[in-house]
Every structure is written in structure tokens, then in C-alpha cells.
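Accompanying notes for the structure given below.
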Amino acid sequence: MFKKSSPASVATAMAHPNIAFIKYWGNRDDELRLPANGSISMNLEGLTTRTTVRFDPKLKNDTLILNKKLQGGNALQRVSAFMDIVRQKANLKLFAEIVTENNFPAGSGLASSAAAFAALSLAATKAAGLNLSRQELSALARRGSGSACRSIPAGFVEWLPGSEDEDSYAISIAPPNHWELVDCIAVVETDHKSVGSTEGHRLAATSPIQAARVEDAPRRLDICRRAILQKDFDTLAQIVELDSNLMHAVMMTSSPPLFYWNPLSIDLMKRVQSWRNEGLPVCYTLDAGPNVHILCLNEALSELKFRLHQIPAIEQILICRPGGPATLLE
Ligand code: PMV
């Protein structure tokens, strides 16, 4: 299944983070990160993680350098556990030096694990002499961070939940140039989130409404997929906001409860809804943090930016168009 190509060496890859339109929250299998429901996302062009992996017989452990700083603790442990999966697939005993950089502002509070594990999957398997198909790469990236499987294919992407390790991967449903959607990210807080998503997924099933959210997911996925393919912004806007609210309702009703919004997040959600009522093609979605992703049609971008610049509490605004796939760099 996994084809060996060249001898172990060094490789560099890059990947973009993605924003989920239909969210992944909760696993059927935490160890394998098999999701409770399917999800749909868009890769974020402009935000990039670039990672080099070098296997070295002289190393006694894996080493991880993130944005020029040597890492230890949980970050290293998580990456090293992932490298064990790669070593097992390649039947390789060597440790590796992993050097990774994000081009997005440090501490911008943006989830970086999707881009990180997508770039790492591609660089590590190449450096280990493996030649994985896109599907195999996506399934592997999922083991590092569920949403990372969606940063392997290009553009608009659907994660097919599957039932086991091999059939839980993401595919592209439309290329980046299919639709001129823009994600305008209003950064409202740059602190690290209190409870990370790995822990959050474990709590999802404690919410009495998670089962209803999961049961209804195929319907929301169908509506979202069709809205993307037909470039129907109004339908997309309704389903994206509903799905974000449902996920946050599950978060807020789990034990212990998780509240990721802050007052500015709520203020922005309300403004976005009233702007849409005025006719501006915009909608919001939030991940496991307070930053508000405002999706808009390209034609509305300058008006949206103008309105957001009037709100001084917003720390930063990042503009992302649909992004390409994870790519090997020479
Ligand atoms: O891949 P993880 O474990 O960081 O989970 C991602 C969870 C959300 O960002 C909140 C939703 C999603 O589908 O991306």
C-alpha cells in the first residue's frame, strides 16, 4: 500500500490552514481521530506553514524548532508521536530534526495545527522515502490533528468521516478558483486558547445536544456542498452560521463547559447578521477561539474592510482567499 521510493533524507513542504464551514467537533475514536461527523472547509491562501524534516543517524531524539525556537514539552511529544507513525510506515529507526515556520503573525490566535500536520505529513513521508497518494497523506495528517487532513487537498474540501484509519480522509470538492470567496479574519484576541481542540473533542460527547448535532450533520453537509458548487452565497451563509452556532452550543453545554467567545466576538456576529440583512454578502464562523472569520464575496470585500476598520477593538484583519494544496518545495 505505501510505496517506498528513495533512501531516507531531507524534504521540505508547505501547507495552508483551513476554515471549516461545517465543523468537526468530537471523535468516534480519539486515538485515530476518526470524527463524529463529516466536515467541509476552505484552505486559506496567504497563511502558510513551511516545514523541513531531516532524518539524521546522529540524533538521539526528535528535535522540533518552531519559528526559530527549540520546543519541548507537549508540542515536541505530539510531533514525536506523529513521527513514530511515519517511522513505522517507513520501517525506519532514525530520529529527525523538524524545522517549521508560520508566515502568519506569531500569537495571532489562529489555529495552526492543521497547516502544521499537513506540511509535516508531506515533508516527513518524503524524507522517509515514502511516496503516499493524496488520500493516504490526508489520512496520515489526520492522525496529527483531525482538521489537518483537510489541508492536504486544494481549495474547497470535504472530509469523508469513514469508519477506519484508511477511509477517513479529505477530498477536494472544488478548486481554489471555483468561487471568489474571501475569509476576512477579525483577530480579537491574541492569547492562547484555554482548552485546546484535542481536549475539547473528548468533551463533546458530554453535551446532551452533541448527538442531535451529529445526527443532523449529513443534511448540513449536503446543503453546504451544494451551495459551494452552485455558488449560492445566501444558502451558504445560513448553513455556515447555523453550523458554527451548533458547535459552540455543544461546547458551552459540555462538562466542563467551554466558552470560546468574548464580548467582541458576539458584537461582531450581530453586526455581520445586520450587515447581511442590509444586503451585504457576509456571514460569520468561529473555531475554538474568539476570532471571527467573516466570509464574504469578493465584490463586498472593500466595503467589509471599511466597516471593520471602524471598530478599534479589532487587533488585526487578515484577508484569505481560497488556497491550494499541501505542496513539496525543492
Ligand atoms: O483538528 P483539530 O483537533 O484542531 O480540530 C478542529 C476543530 C475546529 O477548528 C473547531 C473545527 C474544524 O472543523 O476545523
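So you can find residues: chains in the C-alpha cells are A, B, ... in the order shown, residues in each start at 1, and ligands are numbered from 1 in order.
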
(message) Counting only C-alpha atoms and all ligand atoms, what are the residues, protein, DNA or RNA alike, that approach ligand 1 to within 8 Å? I want them as number ranges by chain.
(response) A: 18-25, 39-41, 111, 113-114, 142, 145-148, 196-198, 201, 247, 286-289

(request) Tell me which protein, DNA and RNA residues are within 7 Å of region 56-70 of chain A, counting only C-alpha atoms, leaving out same-chain ones fewer than 3 positions away, and put them as a ChimeraX atom specification. (result) /A:76,80,94-102

Write a file of the just-selected residues containing all heavy atoms, as a tab-separated table (two decimals), in the first residue's frame.
chain	number	residue	atom	x	y	z
A	76	LEU	N	6.57	19.01	21.45
A	76	LEU	CA	7.53	18.03	20.94
A	76	LEU	C	6.96	16.62	21.04
A	76	LEU	O	7.08	15.81	20.10
A	76	LEU	CB	8.85	18.13	21.73
A	76	LEU	CG	9.90	17.09	21.36
A	76	LEU	CD1	10.34	17.25	19.90
A	76	LEU	CD2	11.13	17.19	22.28
A	80	SER	N	6.54	14.12	18.01
A	80	SER	CA	7.34	12.89	18.06
A	80	SER	C	6.44	11.65	17.95
A	80	SER	O	6.80	10.68	17.29
A	80	SER	CB	8.12	12.87	19.38
A	80	SER	OG	9.37	12.32	19.17
A	94	LEU	N	15.43	6.00	12.45
A	94	LEU	CA	16.14	7.26	12.70
A	94	LEU	C	15.25	8.35	13.30
A	94	LEU	O	14.06	8.42	12.99
A	94	LEU	CB	16.72	7.80	11.39
A	94	LEU	CG	17.66	6.88	10.63
A	94	LEU	CD1	18.13	7.54	9.35
A	94	LEU	CD2	18.84	6.48	11.50
A	95	PHE	N	15.87	9.19	14.13
A	95	PHE	CA	15.17	10.39	14.61
A	95	PHE	C	15.36	11.52	13.60
A	95	PHE	O	16.21	11.45	12.71
A	95	PHE	CB	15.69	10.79	15.99
A	95	PHE	CG	15.29	9.80	17.05
A	95	PHE	CD1	16.25	8.95	17.62
A	95	PHE	CD2	13.98	9.71	17.47
A	95	PHE	CE1	15.87	8.02	18.58
A	95	PHE	CE2	13.60	8.78	18.43
A	95	PHE	CZ	14.55	7.93	18.98
A	96	ALA	N	14.56	12.58	13.80
A	96	ALA	CA	14.58	13.65	12.80
A	96	ALA	C	14.68	15.03	13.45
A	96	ALA	O	14.24	15.23	14.59
A	96	ALA	CB	13.32	13.59	11.95
A	97	GLU	N	15.26	15.94	12.69
A	97	GLU	CA	15.18	17.35	13.06
A	97	GLU	C	14.06	17.97	12.23
A	97	GLU	O	14.03	17.81	11.00
A	97	GLU	CB	16.50	18.05	12.74
A	97	GLU	CG	16.48	19.51	13.13
A	97	GLU	CD	17.63	20.29	12.53
A	97	GLU	OE1	17.72	20.37	11.29
A	97	GLU	OE2	18.43	20.82	13.31
A	98	ILE	N	13.13	18.63	12.92
A	98	ILE	CA	11.97	19.22	12.24
A	98	ILE	C	12.03	20.74	12.44
A	98	ILE	O	12.00	21.21	13.58
A	98	ILE	CB	10.66	18.66	12.83
A	98	ILE	CG1	10.62	17.14	12.60
A	98	ILE	CG2	9.44	19.31	12.22
A	98	ILE	CD1	10.15	16.38	13.79
A	99	VAL	N	12.13	21.45	11.34
A	99	VAL	CA	12.21	22.92	11.43
A	99	VAL	C	10.98	23.47	10.75
A	99	VAL	O	10.73	23.19	9.57
A	99	VAL	CB	13.49	23.45	10.75
A	99	VAL	CG1	13.55	24.97	10.87
A	99	VAL	CG2	14.72	22.82	11.39
A	100	THR	N	10.18	24.24	11.49
A	100	THR	CA	8.91	24.70	10.92
A	100	THR	C	8.67	26.19	11.19
A	100	THR	O	9.07	26.69	12.23
A	100	THR	CB	7.75	23.79	11.44
A	100	THR	OG1	6.55	24.17	10.80
A	100	THR	CG2	7.56	23.87	12.92
A	101	GLU	N	8.09	26.85	10.21
A	101	GLU	CA	7.82	28.30	10.35
A	101	GLU	C	6.44	28.63	9.83
A	101	GLU	O	6.03	28.12	8.80
A	101	GLU	CB	8.81	29.10	9.49
A	101	GLU	CG	10.12	28.99	10.07
A	101	GLU	CD	11.06	30.15	10.11
A	101	GLU	OE1	10.63	31.30	9.95
A	101	GLU	OE2	12.22	29.85	10.35
A	102	ASN	N	5.76	29.50	10.57
A	102	ASN	CA	4.47	30.02	10.09
A	102	ASN	C	4.70	31.43	9.59
A	102	ASN	O	5.41	32.20	10.25
A	102	ASN	CB	3.47	30.11	11.25
A	102	ASN	CG	3.17	28.74	11.83
A	102	ASN	OD1	3.16	27.75	11.12
A	102	ASN	ND2	2.92	28.69	13.13

(request) Please identify all polymer residues within 12 Å of Ile223 (chain A), counting only C-alpha atoms, omitting same-chain residues fewer than 2 positions from it, and present them as a list in words. (result) Phe21, Ile22, Ser39, Ile40, Asp216, Ala217, Pro218, Arg219, Arg220, Leu221, Arg225, Arg226, Ala227, Ile228, Leu229, Gln230, Lys231, Asp232, Phe233, Asp234, Thr235, Leu236, Ala237, Gln238, Ile239, Val240, Leu242 and Asp243 of chain A

Show me, as a compact mmCIF listing (two decimals) with N, CA, C and O atoms, in the first residue's frame, the residues that have an atom within 8 Å of Arg143 (chain A) when counting only C-alpha atoms, minus same-chain residues fewer than 5 positions from it.
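Listing of selection25.txt after writing:
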# COMPACT_ATOMS: atom_id res chain seq x y z
N GLU A 31 -8.05 8.14 19.60
CA GLU A 31 -6.68 7.73 19.26
C GLU A 31 -6.43 7.89 17.75
O GLU A 31 -5.44 8.48 17.33
N LEU A 32 -7.38 7.42 16.94
CA LEU A 32 -7.22 7.51 15.48
C LEU A 32 -7.76 8.82 14.91
O LEU A 32 -7.63 9.08 13.73
N ARG A 33 -8.37 9.63 15.77
CA ARG A 33 -9.02 10.87 15.33
C ARG A 33 -10.00 10.59 14.19
O ARG A 33 -9.95 11.22 13.12
N PHE A 82 3.69 11.57 16.36
CA PHE A 82 3.31 11.53 14.94
C PHE A 82 4.46 10.95 14.10
O PHE A 82 4.23 10.14 13.20

(message) as JSON, numbers by chain, please: every residue in region 119-297 of chain A that a backbone DSSP assignment puts in strand (DSSP E).
(response) {"A": [130, 131, 156, 157, 158, 159, 160, 169, 170, 171, 172, 173, 174, 181, 182, 183, 184, 185, 186, 187, 282, 283, 284, 285, 292, 293, 294, 295, 296, 297]}

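Distances to Leu295 (chain A) were evaluated for A:Asn103, A:Asn177, A:Gln310, A:Gln273 using only C-alpha atoms, and the minimum falls at A:Gln273.
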